[in-house]
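Student: For reference, the structure I am asking about is given below.
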Amino acid sequence: DIPFYGFLACGLDGVSPPHTSVKKMATAYISEIRNQQPTGPYFLAGECLGGLLAFEIALQLKASGQEVAFLALLDTRYRSPGNYIFKFFKRFIKQLINSSQEIWHQKTLRSLPVKVFHEAIRLVIFLGDEVGLMWPNRHPDDPEARWRYMIRIRKTYKRVLQRYRPGRYVGDISFLASEDTVLENVVSAWRPFISGKIEIQELTGNHDEYIRDYFKNTGKILRDCFLKARDTTEKS
């Protein structure tokens, strides 16, 4: 058996605030990693957007002089800054339109100031969620409040990861690609950030299926990649 450790994102307990950047997230998780294993070599993998976090962890470990023997990205698609900015403004405009409609449909002028204030608060919450600045859950013992908070946490982490801009990684990576991934686009997107080889492993199933319906096949491929890297490390 191969021991494998995963991380629970801060805030998914329904109470704690989220990390506001991938670099802060990576620093916190590295502390946990090194409590378990003080020195390298380290073998890292990240799935989907989690691959961005694994990439940053690898960068920080190498910067501190530690050896990263293996880095695998499971269908992690890097988006350009322009892509994030476009989607942010699209969401922001949609929020403004929704708030404007809510204000416009007020039946009395008397209730208008209260509604404007309410929609302004909603806009502040929207912007806070985008950058990861969330108010703590004020009702941690309420299951419904915890669930709503966790949904917001998931959305916030997605935005935080989408804003991430990688540094340059000195070394090779393994990229495990689902069937609906355009391999040429993957290589061209990641090439500026990786000095070594990008070894492609093709998976069975699309982005949703490969880890849900074909997890045994995906696990075998990941295991084979890991064992190859471990053997290479032990021989060197």
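A note on labels: chains of the structure tokens are A, B, ... as shown, every chain counts residues from 1, and ligands are counted from 1 in their shown order.
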Please return as a VMD selection string: the residues of range 82-184 of chain A that backbone DSSP assigns to helix (DSSP H, G or I).

Tutor: chain A and resid 82 to 104 112 to 131 143 to 162 183 to 184

Student: With a distance cut-off of 10 Å and only C-alpha atoms, select the neighbouring residues of Arg146 in chain A, excluding the residue or stretch itself and same-chain residues fewer than 3 positions from it, and output the selection as a VMD selection string.

Tutor: chain A and resid 11 to 15 137 to 143 149 to 152

Student: Go through range 61-89 of chain A residue by residue and, counting only C-alpha atoms, keep those with an atom at most 9 Å from range 214-235 of chain A; for each kept residue give the shortest atom pair and its distance in Å to one decimal, ordered by chain and increasing number, as JSON lines.

Tutor:
{"residue": "A:Ala69", "atom": "CA", "partner": "A:Ala229", "partner_atom": "CA", "distance": 6.5}
{"residue": "A:Phe70", "atom": "CA", "partner": "A:Ala229", "partner_atom": "CA", "distance": 6.1}
{"residue": "A:Leu71", "atom": "CA", "partner": "A:Phe226", "partner_atom": "CA", "distance": 8.9}
{"residue": "A:Ala72", "atom": "CA", "partner": "A:Leu222", "partner_atom": "CA", "distance": 8.0}
{"residue": "A:Leu74", "atom": "CA", "partner": "A:Leu222", "partner_atom": "CA", "distance": 8.9}

Student: So, with only C-alpha atoms as the atoms that count, which of A:Ile93, A:Ala58, A:Ile200, A:Ala28 lies closest to Gly167 in chain A?

Tutor: A:Ala58

Student: In terms of the shortest atom-to-atom distance over only C-alpha atoms, which of A:Asp75, A:Ile97, A:Glu144, A:Ile85 is closest to Asp180 in chain A?

Tutor: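 Once distances to Asp180 in chain A are computed over only C-alpha atoms, the minimum belongs to A:Asp75.
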
Student: Which one is closest to Arg34 in chain A: A:Ile153, A:Leu61, A:Ile194, A:Val114? Count only C-alpha atoms.

Tutor: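 Selected residue with least distance to Arg34 in chain A: A:Leu61.
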
Student: Taking the chain letters and numbering used in this document, name the residues of range 56-113 of chain A that DSSP puts in strand (DSSP E), as a PyMOL selection string.

Tutor: chain A and resi 68-74

Student: From the options A:Phe126, A:Tyr157, A:Tyr5, A:Trp147, which residue's atoms come nearest to Gln37 in chain A, counting only C-alpha atoms?

Tutor: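 With only C-alpha atoms as the atom set, the closest residue is A:Tyr5.
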
Student: Quick one: pull the distance between CA of Leu8 in chain A and CA of Gln162 in chain A, Å, one decimal.

Tutor: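 Separating CA of Leu8 in chain A from CA of Gln162 in chain A is a distance of 18.6 Å.
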
Student: Would you list the contacts of Gln201 in chain A as a count of residues only, taking every protein, DNA or RNA residue within 9 Å and counting only C-alpha atoms, but skipping same-chain residues closer than 2 positions in sequence?

Tutor: 10
